[in-house]
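Enquirer: Got a structure for you, written out below as structure tokens; questions coming shortly.
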Amino acid sequence: MTDTSTDFTAGPLDRDAPTYIAGHRGLVGSSLWRHFESEGFSNLIGRTSSELDLKNRDAVFEFFRDTEPQVVVLAAAKVGGILANSTYPVDFLSENLQIQVNVLDAALEQRVSRVLFLGSSCIYPKYAEQPIREDSLLTGLLEPTNDAYAIAKIAGILQIQSVRRQYGLPWISAMPTNLYGPGDNFSPEGSHVLPALIRRYDEAATAGAESVTNWGTGSPRREFLHVDDMASACLHLLEHFDGPQQVNVGTGEDQTIEEIATIVADAVGYEGRIEWDTTKPDGTPRKLLDVSTLRGSGWEPTVGLRDGIRTTVQWYRQNVGHLRE
Ligand SMILES: NC(=O)C1=CN([C@@H]2O[C@H](COP(=O)(O)OP(=O)(O)OC[C@H]3O[C@@H](n4cnc5c(N)ncnc54)[C@H](OP(=O)(O)O)[C@@H]3O)[C@@H](O)[C@H]2O)C=CC1
Ligand SMILES: C[C@H]1O[C@H](OP(=O)(O)OP(=O)(O)OC[C@H]2O[C@@H](n3cnc4c(=O)[nH]c(N)nc43)[C@H](O)[C@@H]2O)[C@@H](O)[C@@H](O)C1=O
């Protein structure tokens, strides 16, 4: 079956159109909200999970009928780091499938004109050639620590492509690399590596601890994008890209986890030793995205890694760290 949605040309979005940001209180959603507001969007719609549980299909359809969004960014999902993903795989599979199927089906009933679905770089095979091109999808086995989450995200890409083929609507998907920034989840067990390190090193610096213990071996490589760059890439794609293939979103540069730990230690002023708990999983050895599609469409990141980590530490100290006992 071919993609029939070929007569659409991406262009500026209507700043007054009802625009639904699903997950608007999360790391990505809150940054999207700030960015869309700063870009003049006057009719943004958001609902918390207690106001609208996106797993509740009837409630989602009723919400779409009431609010009639014309643009939807799907940044609501069950999200977590390597340990949460590997400990609760059925939650990551089932909740994400329910959320995305409900939102995309309701958006289809309303014939929403532009939808952006957010996946993740973990959709690609564990041993994909680096940097990972978009056409590596489904060419090899997944990383077992996040295969359930990845399968849900791959289903989302297929749903976007299927709506394009069957209904000709110009919906798109973006696959972000590991993200960080203000509004992140800093829970020690459930979070991703960067917020976990910021919290651990800040606590160690405050306590004058002689050593900190991080997870795994420190040798895996990861690529990090500041969430405000992610938000600007999302709007850029909605206005400049149309096509069935998911688009990678990243910086095109990566570091070892050990290097990241050193940058965080510098940022918080911690001078003690680093130890590694090798009973914790390393996950995929490397996942550096090929970002030539996005770069070719005229977008590039603006926040350097050291600056981004420094300002995230400041945000953490002002908004989360001071709440500790
Ligand atoms: N963080 C990262 O490093 C990466 C994230 N992504 C993707 O980006 C997107 C956003 O992630 P991120 O911002 O980090 O995640 P967060 O956990 O920070 O935010 C997720 C948001 O989803 C909402 N949500 C979760 N379940 C439900 C539900 N049942 N009903 C309604 N809302 C719900 C939550 O709403 P509420 O706060 O109201 O409870 C929350 O605000 C996700 O699709 C994720 O897969 C991709 C790659 C990397
Ligand atoms: C975005 C992406 O995020 C997840 O994949 P991941 O990249 O493996 O995620 P992570 O950030 O949790 O870990 C990165 C690396 O860092 C190491 N590491 C060290 N010390 C801590 C630590 O304290 N916490 C965590 N979480 N990791 C640590 C850890 O051992 C690993 O080697 C997916 O499940 C999936 O959700 C997904 O799509």
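Letters A, B, ... go to the chains of the structure tokens in the order shown; residues in each chain start at 1; ligands are counted from 1 in the same order.
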Find the residues near region 133-135 of chain A: any atom within 12 Å, counting only C-alpha atoms, skip ones fewer than 5 places away on the same chain, and give them as a VMD selection string.
Expert: chain A and resid 120 to 125 128 140 157 173 to 176 244 to 250 252 287 to 294
Enquirer: Next, the residues of the selection above should be written as a CSV table (one decimal), in the first residue's frame with N, CA and C atoms.
Expert:
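Written out: out_11.csv:
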```
chain,number,residue,atom,x,y,z
A,120,SER,N,10.8,7.1,20.6
A,120,SER,CA,12.1,7.1,21.4
A,120,SER,C,13.2,6.4,20.6
A,121,SER,N,14.4,6.8,20.8
A,121,SER,CA,15.5,6.1,20.1
A,121,SER,C,15.7,4.6,20.4
A,122,CYS,N,15.0,4.2,21.5
A,122,CYS,CA,15.1,2.7,21.8
A,122,CYS,C,14.3,1.8,20.9
A,123,ILE,N,13.6,2.4,19.9
A,123,ILE,CA,12.9,1.6,18.9
A,123,ILE,C,13.9,0.8,18.0
A,124,TYR,N,15.1,1.3,17.9
A,124,TYR,CA,16.1,0.7,17.0
A,124,TYR,C,16.7,-0.5,17.5
A,125,PRO,N,17.2,-1.4,16.6
A,125,PRO,CA,17.9,-2.6,17.1
A,125,PRO,C,19.1,-2.3,18.0
A,128,ALA,N,22.3,-1.8,16.1
A,128,ALA,CA,22.2,-1.0,14.9
A,128,ALA,C,23.5,-0.3,14.5
A,140,GLY,N,16.6,-5.6,13.2
A,140,GLY,CA,17.4,-6.5,14.2
A,140,GLY,C,16.7,-6.5,15.5
A,157,ILE,N,4.3,4.3,15.6
A,157,ILE,CA,4.8,4.7,14.3
A,157,ILE,C,4.0,4.1,13.1
A,173,SER,N,5.8,11.4,12.8
A,173,SER,CA,6.4,10.8,14.1
A,173,SER,C,7.8,11.3,14.2
A,174,ALA,N,8.2,11.6,15.5
A,174,ALA,CA,9.6,12.0,15.8
A,174,ALA,C,10.2,11.0,16.9
A,175,MET,N,11.4,10.7,16.7
A,175,MET,CA,12.1,9.8,17.7
A,175,MET,C,13.2,10.5,18.4
A,176,PRO,N,12.9,11.0,19.6
A,176,PRO,CA,14.0,11.7,20.3
A,176,PRO,C,15.0,10.8,21.0
A,244,PRO,N,6.1,9.8,5.8
A,244,PRO,CA,5.7,8.7,6.6
A,244,PRO,C,6.8,8.2,7.5
A,245,GLN,N,8.0,8.4,7.2
A,245,GLN,CA,9.1,7.9,8.0
A,245,GLN,C,9.3,8.7,9.3
A,246,GLN,N,9.5,8.0,10.4
A,246,GLN,CA,9.8,8.7,11.7
A,246,GLN,C,11.1,9.5,11.5
A,247,VAL,N,11.2,10.6,12.2
A,247,VAL,CA,12.4,11.5,12.1
A,247,VAL,C,13.2,11.5,13.4
A,248,ASN,N,14.5,11.2,13.3
A,248,ASN,CA,15.3,11.2,14.5
A,248,ASN,C,15.5,12.6,15.0
A,249,VAL,N,15.5,12.8,16.3
A,249,VAL,CA,15.8,14.1,16.9
A,249,VAL,C,16.9,14.0,18.0
A,250,GLY,N,18.0,14.6,17.7
A,250,GLY,CA,19.1,14.6,18.6
A,250,GLY,C,20.2,15.6,18.2
A,252,GLY,N,23.5,14.5,17.4
A,252,GLY,CA,24.5,13.8,16.6
A,252,GLY,C,25.8,13.6,17.3
A,287,LYS,N,23.7,4.3,21.4
A,287,LYS,CA,22.6,4.7,20.5
A,287,LYS,C,22.7,6.2,20.1
A,288,LEU,N,23.5,6.3,19.1
A,288,LEU,CA,23.8,7.7,18.6
A,288,LEU,C,22.9,7.8,17.3
A,289,LEU,N,22.1,8.8,17.3
A,289,LEU,CA,21.2,9.0,16.1
A,289,LEU,C,21.8,9.7,15.0
A,290,ASP,N,21.5,9.2,13.8
A,290,ASP,CA,21.8,9.9,12.5
A,290,ASP,C,20.7,11.0,12.4
A,291,VAL,N,21.1,12.3,12.5
A,291,VAL,CA,20.1,13.4,12.5
A,291,VAL,C,20.1,14.1,11.2
A,292,SER,N,20.6,13.5,10.1
A,292,SER,CA,20.7,14.3,8.9
A,292,SER,C,19.3,14.7,8.3
A,293,THR,N,18.3,13.8,8.5
A,293,THR,CA,17.0,14.3,8.0
A,293,THR,C,16.5,15.6,8.7
A,294,LEU,N,16.6,15.6,10.0
A,294,LEU,CA,16.2,16.8,10.7
A,294,LEU,C,17.1,18.0,10.4
```
Enquirer: Which residues are near ligand 1 - at most 8 Å, using only C-alpha atoms and all ligand atoms? Format: as a VMD selection string.
Expert: chain A and resid 22 to 30 47 to 56 74 to 81 95 to 96 99 117 to 122 153 175 to 180 183 to 185 192
Enquirer: Would you mind telling me which residue in A:Arg295, A:Lys280, A:Arg164, A:His226 lies nearest to Ile309 (chain A) when using only C-alpha atoms?
Expert: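 For Ile309 (chain A), the nearest of the given residues is A:His226.
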Enquirer: Residues near region 101-105 of chain A, anyone? I mean within 10 Å using only C-alpha atoms, not counting same-chain ones fewer than 4 positions away, as number ranges by chain.
Expert: A: 22, 54-61, 63-64, 72, 74, 76, 95-97, 109-112, 115-117, 152, 155-156, 159-160, 163, 171
Enquirer: Got time to write the residues from that selection, N, CA and C atoms, as a PDB file, in the first residue's frame?
Expert:
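Okay, this is what ended up in out23.pdb:
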```
ATOM      1  N   ALA A  22      -0.764  16.778  24.614  1.00  0.00           N
ATOM      2  CA  ALA A  22      -1.045  15.679  25.555  1.00  0.00           C
ATOM      3  C   ALA A  22       0.193  15.451  26.411  1.00  0.00           C
ATOM      4  N   LEU A  54      -5.879   9.149  29.823  1.00  0.00           N
ATOM      5  CA  LEU A  54      -5.873   8.800  28.389  1.00  0.00           C
ATOM      6  C   LEU A  54      -6.023   7.298  28.167  1.00  0.00           C
ATOM      7  N   LYS A  55      -5.999   6.495  29.229  1.00  0.00           N
ATOM      8  CA  LYS A  55      -6.296   5.052  29.087  1.00  0.00           C
ATOM      9  C   LYS A  55      -7.809   4.827  29.007  1.00  0.00           C
ATOM     10  N   ASN A  56      -8.597   5.849  29.344  1.00  0.00           N
ATOM     11  CA  ASN A  56     -10.055   5.741  29.321  1.00  0.00           C
ATOM     12  C   ASN A  56     -10.570   6.156  27.936  1.00  0.00           C
ATOM     13  N   ARG A  57     -10.840   5.145  27.109  1.00  0.00           N
ATOM     14  CA  ARG A  57     -11.155   5.403  25.691  1.00  0.00           C
ATOM     15  C   ARG A  57     -12.384   6.314  25.519  1.00  0.00           C
ATOM     16  N   ASP A  58     -13.452   6.035  26.271  1.00  0.00           N
ATOM     17  CA  ASP A  58     -14.665   6.842  26.115  1.00  0.00           C
ATOM     18  C   ASP A  58     -14.395   8.299  26.480  1.00  0.00           C
ATOM     19  N   ALA A  59     -13.639   8.492  27.579  1.00  0.00           N
ATOM     20  CA  ALA A  59     -13.346   9.864  28.020  1.00  0.00           C
ATOM     21  C   ALA A  59     -12.490  10.595  26.976  1.00  0.00           C
ATOM     22  N   VAL A  60     -11.574   9.881  26.337  1.00  0.00           N
ATOM     23  CA  VAL A  60     -10.711  10.514  25.327  1.00  0.00           C
ATOM     24  C   VAL A  60     -11.552  10.948  24.120  1.00  0.00           C
ATOM     25  N   PHE A  61     -12.460  10.074  23.668  1.00  0.00           N
ATOM     26  CA  PHE A  61     -13.303  10.439  22.528  1.00  0.00           C
ATOM     27  C   PHE A  61     -14.192  11.636  22.864  1.00  0.00           C
ATOM     28  N   PHE A  63     -13.569  13.991  25.046  1.00  0.00           N
ATOM     29  CA  PHE A  63     -12.701  15.171  25.112  1.00  0.00           C
ATOM     30  C   PHE A  63     -12.415  15.713  23.698  1.00  0.00           C
ATOM     31  N   PHE A  64     -12.124  14.829  22.757  1.00  0.00           N
ATOM     32  CA  PHE A  64     -11.851  15.297  21.386  1.00  0.00           C
ATOM     33  C   PHE A  64     -13.107  15.896  20.747  1.00  0.00           C
ATOM     34  N   VAL A  72      -2.370  18.142  17.261  1.00  0.00           N
ATOM     35  CA  VAL A  72      -2.139  17.343  18.470  1.00  0.00           C
ATOM     36  C   VAL A  72      -0.660  16.956  18.528  1.00  0.00           C
ATOM     37  N   LEU A  74       1.485  14.384  20.774  1.00  0.00           N
ATOM     38  CA  LEU A  74       1.276  13.309  21.761  1.00  0.00           C
ATOM     39  C   LEU A  74       2.556  13.102  22.568  1.00  0.00           C
ATOM     40  N   ALA A  76       2.237  12.480  25.963  1.00  0.00           N
ATOM     41  CA  ALA A  76       1.816  11.747  27.170  1.00  0.00           C
ATOM     42  C   ALA A  76       2.195  10.290  26.990  1.00  0.00           C
ATOM     43  N   GLU A  95       0.214   0.344  29.011  1.00  0.00           N
ATOM     44  CA  GLU A  95      -0.259   1.728  29.192  1.00  0.00           C
ATOM     45  C   GLU A  95       0.042   2.576  27.964  1.00  0.00           C
ATOM     46  N   ASN A  96       1.231   2.373  27.388  1.00  0.00           N
ATOM     47  CA  ASN A  96       1.565   3.190  26.218  1.00  0.00           C
ATOM     48  C   ASN A  96       0.712   2.818  25.015  1.00  0.00           C
ATOM     49  N   LEU A  97       0.448   1.526  24.837  1.00  0.00           N
ATOM     50  CA  LEU A  97      -0.441   1.143  23.734  1.00  0.00           C
ATOM     51  C   LEU A  97      -1.821   1.772  23.925  1.00  0.00           C
ATOM     52  N   GLU A 109     -11.070  10.175  14.330  1.00  0.00           N
ATOM     53  CA  GLU A 109     -12.517  10.433  14.233  1.00  0.00           C
ATOM     54  C   GLU A 109     -12.778  11.909  13.951  1.00  0.00           C
ATOM     55  N   GLN A 110     -11.977  12.786  14.565  1.00  0.00           N
ATOM     56  CA  GLN A 110     -12.163  14.238  14.370  1.00  0.00           C
ATOM     57  C   GLN A 110     -11.420  14.750  13.133  1.00  0.00           C
ATOM     58  N   ARG A 111     -10.720  13.844  12.426  1.00  0.00           N
ATOM     59  CA  ARG A 111      -9.912  14.242  11.253  1.00  0.00           C
ATOM     60  C   ARG A 111      -8.968  15.405  11.605  1.00  0.00           C
ATOM     61  N   VAL A 112      -8.278  15.260  12.757  1.00  0.00           N
ATOM     62  CA  VAL A 112      -7.304  16.283  13.177  1.00  0.00           C
ATOM     63  C   VAL A 112      -6.283  16.462  12.062  1.00  0.00           C
ATOM     64  N   VAL A 115      -0.884  15.784  13.392  1.00  0.00           N
ATOM     65  CA  VAL A 115      -0.565  15.056  14.621  1.00  0.00           C
ATOM     66  C   VAL A 115       0.930  14.760  14.612  1.00  0.00           C
ATOM     67  N   LEU A 116       1.577  14.986  15.762  1.00  0.00           N
ATOM     68  CA  LEU A 116       2.976  14.579  15.943  1.00  0.00           C
ATOM     69  C   LEU A 116       3.017  13.559  17.062  1.00  0.00           C
ATOM     70  N   PHE A 117       3.443  12.343  16.725  1.00  0.00           N
ATOM     71  CA  PHE A 117       3.602  11.263  17.710  1.00  0.00           C
ATOM     72  C   PHE A 117       5.064  11.195  18.140  1.00  0.00           C
ATOM     73  N   ALA A 152       5.725  -0.869  21.902  1.00  0.00           N
ATOM     74  CA  ALA A 152       4.583   0.062  21.938  1.00  0.00           C
ATOM     75  C   ALA A 152       4.868   1.266  21.031  1.00  0.00           C
ATOM     76  N   ALA A 155       4.600   0.377  17.403  1.00  0.00           N
ATOM     77  CA  ALA A 155       3.179   0.308  17.019  1.00  0.00           C
ATOM     78  C   ALA A 155       2.643   1.713  16.738  1.00  0.00           C
ATOM     79  N   GLY A 156       3.082   2.701  17.515  1.00  0.00           N
ATOM     80  CA  GLY A 156       2.642   4.088  17.291  1.00  0.00           C
ATOM     81  C   GLY A 156       3.093   4.613  15.931  1.00  0.00           C
ATOM     82  N   GLN A 159       0.916   3.123  13.406  1.00  0.00           N
ATOM     83  CA  GLN A 159      -0.435   3.699  13.376  1.00  0.00           C
ATOM     84  C   GLN A 159      -0.428   5.029  12.608  1.00  0.00           C
ATOM     85  N   ILE A 160       0.591   5.825  12.828  1.00  0.00           N
ATOM     86  CA  ILE A 160       0.712   7.092  12.081  1.00  0.00           C
ATOM     87  C   ILE A 160       0.820   6.789  10.575  1.00  0.00           C
ATOM     88  N   VAL A 163      -2.564   5.580   9.155  1.00  0.00           N
ATOM     89  CA  VAL A 163      -3.547   6.656   8.951  1.00  0.00           C
ATOM     90  C   VAL A 163      -3.193   7.428   7.677  1.00  0.00           C
ATOM     91  N   TRP A 171       0.024  13.118   9.075  1.00  0.00           N
ATOM     92  CA  TRP A 171       0.506  12.933  10.443  1.00  0.00           C
ATOM     93  C   TRP A 171       1.959  12.455  10.398  1.00  0.00           C
TER      94      TRP A 171
END
```
Enquirer: May I have all residues of region 219-248 of chain A that DSSP, computed from the backbone, assigns to strand (DSSP E), given as a PyMOL selection string?
Expert: chain A and resi 221-222+224-226+247-248
Enquirer: Would you write out those residues with N, CA and C atoms, as a short mmCIF file (atom, residue, chain, number, x, y, z; two decimals), in the first residue's frame?
Expert:
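That gives us result.cif:
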```cif
data_model
loop_
_atom_site.label_atom_id
_atom_site.label_comp_id
_atom_site.auth_asym_id
_atom_site.auth_seq_id
_atom_site.Cartn_x
_atom_site.Cartn_y
_atom_site.Cartn_z
N ARG A 221 27.50 4.38 25.78
CA ARG A 221 27.49 5.74 25.24
C ARG A 221 26.04 6.18 25.04
N ARG A 222 25.74 7.43 25.38
CA ARG A 222 24.41 7.98 25.17
C ARG A 222 24.53 9.40 24.59
N PHE A 224 22.56 13.09 24.45
CA PHE A 224 21.60 13.85 25.27
C PHE A 224 21.20 15.14 24.57
N LEU A 225 19.89 15.39 24.58
CA LEU A 225 19.34 16.62 23.99
C LEU A 225 18.57 17.38 25.06
N HIS A 226 18.83 18.68 25.16
CA HIS A 226 18.07 19.50 26.12
C HIS A 226 16.62 19.58 25.66
N VAL A 247 11.20 10.64 12.20
CA VAL A 247 12.38 11.50 12.09
C VAL A 247 13.16 11.48 13.41
N ASN A 248 14.46 11.17 13.33
CA ASN A 248 15.32 11.18 14.51
C ASN A 248 15.54 12.61 15.00
#
```
Enquirer: As a PyMOL selection string, which residues of region 58-296 of chain A does DSSP assign to alpha helix (DSSP H)?
Expert: chain A and resi 58-67+82-87+89-109+147-167+193-207+227-240+257-268+292-296
Enquirer: Could you write out the selected residues, including C-alpha atoms, as a compact mmCIF listing (two decimals), in the first residue's frame?
Expert:
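As a result, again.txt now contains:
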```txt
# COMPACT_ATOMS: atom_id res chain seq x y z
CA ASP A 58 -14.66 6.84 26.12
CA ALA A 59 -13.35 9.86 28.02
CA VAL A 60 -10.71 10.51 25.33
CA PHE A 61 -13.30 10.44 22.53
CA GLU A 62 -15.61 12.76 24.50
CA PHE A 63 -12.70 15.17 25.11
CA PHE A 64 -11.85 15.30 21.39
CA ARG A 65 -15.52 15.86 20.44
CA ASP A 66 -15.77 18.72 22.99
CA THR A 67 -12.49 20.49 22.22
CA ILE A 82 16.43 1.58 32.40
CA LEU A 83 15.48 0.00 35.75
CA ALA A 84 11.80 1.02 35.60
CA ASN A 85 11.54 -0.25 32.01
CA SER A 86 13.11 -3.59 32.81
CA THR A 87 11.18 -4.10 36.09
CA PRO A 89 7.64 -4.13 31.13
CA VAL A 90 3.94 -4.94 30.98
CA ASP A 91 3.05 -1.48 32.35
CA PHE A 92 5.24 0.20 29.73
CA LEU A 93 3.74 -1.92 26.94
CA SER A 94 0.10 -1.86 27.95
CA GLU A 95 -0.26 1.73 29.19
CA ASN A 96 1.57 3.19 26.22
CA LEU A 97 -0.44 1.14 23.73
CA GLN A 98 -3.70 2.22 25.39
CA ILE A 99 -2.75 5.92 25.56
CA GLN A 100 -1.57 6.17 21.97
CA VAL A 101 -4.33 4.05 20.39
CA ASN A 102 -7.02 6.05 22.20
CA VAL A 103 -5.54 9.45 21.32
CA LEU A 104 -4.78 8.57 17.69
CA ASP A 105 -8.19 6.90 17.14
CA ALA A 106 -10.03 9.90 18.63
CA ALA A 107 -7.87 12.27 16.54
CA LEU A 108 -8.79 10.26 13.45
CA GLU A 109 -12.52 10.43 14.23
CA ASP A 147 11.84 -4.03 24.38
CA ALA A 148 8.24 -3.79 25.69
CA TYR A 149 8.28 0.03 25.64
CA ALA A 150 9.98 -0.03 22.23
CA ILE A 151 7.33 -2.32 20.74
CA ALA A 152 4.58 0.06 21.94
CA LYS A 153 6.43 2.97 20.30
CA ILE A 154 6.94 1.00 17.06
CA ALA A 155 3.18 0.31 17.02
CA GLY A 156 2.64 4.09 17.29
CA ILE A 157 4.83 4.74 14.25
CA LEU A 158 2.86 2.12 12.30
CA GLN A 159 -0.43 3.70 13.38
CA ILE A 160 0.71 7.09 12.08
CA GLN A 161 1.87 5.52 8.79
CA SER A 162 -1.37 3.56 8.47
CA VAL A 163 -3.55 6.66 8.95
CA ARG A 164 -1.50 8.37 6.25
CA ARG A 165 -1.98 5.42 3.85
CA GLN A 166 -5.65 4.79 4.54
CA TYR A 167 -6.93 8.36 5.12
CA VAL A 193 20.48 8.66 34.06
CA LEU A 194 21.02 12.43 33.92
CA PRO A 195 18.44 13.45 36.54
CA ALA A 196 19.54 10.49 38.68
CA LEU A 197 23.17 11.65 38.57
CA ILE A 198 22.26 15.28 39.28
CA ARG A 199 20.37 14.25 42.40
CA ARG A 200 22.99 11.72 43.57
CA TYR A 201 25.94 14.07 43.08
CA ASP A 202 24.16 17.07 44.58
CA GLU A 203 23.29 15.02 47.67
CA ALA A 204 26.87 13.69 47.87
CA ALA A 205 28.31 17.22 47.56
CA THR A 206 26.00 18.49 50.32
CA ALA A 207 26.84 15.54 52.59
CA VAL A 227 14.28 19.44 26.30
CA ASP A 228 13.92 23.04 25.07
CA ASP A 229 15.72 22.00 21.87
CA MET A 230 13.32 19.05 21.68
CA ALA A 231 10.32 21.40 21.88
CA SER A 232 11.69 23.65 19.15
CA ALA A 233 12.40 20.59 16.96
CA CYS A 234 8.78 19.45 17.38
CA LEU A 235 7.33 22.74 16.16
CA HIS A 236 9.92 22.87 13.39
CA LEU A 237 8.91 19.40 12.16
CA LEU A 238 5.20 20.26 12.26
CA GLU A 239 5.90 23.31 10.09
CA HIS A 240 8.63 21.97 7.79
CA ILE A 257 28.13 7.53 30.99
CA GLU A 258 31.42 7.94 32.86
CA GLU A 259 32.08 11.20 30.97
CA ILE A 260 28.54 12.37 31.77
CA ALA A 261 29.11 11.58 35.46
CA THR A 262 32.25 13.72 35.44
CA ILE A 263 30.39 16.65 33.85
CA VAL A 264 27.66 16.36 36.51
CA ALA A 265 30.28 16.16 39.30
CA ASP A 266 31.88 19.39 37.99
CA ALA A 267 28.49 21.09 37.72
CA VAL A 268 27.54 20.40 41.35
CA SER A 292 20.70 14.25 8.87
CA THR A 293 16.96 14.26 8.01
CA LEU A 294 16.22 16.82 10.73
CA ARG A 295 19.34 18.90 10.01
CA GLY A 296 18.51 18.78 6.30
```
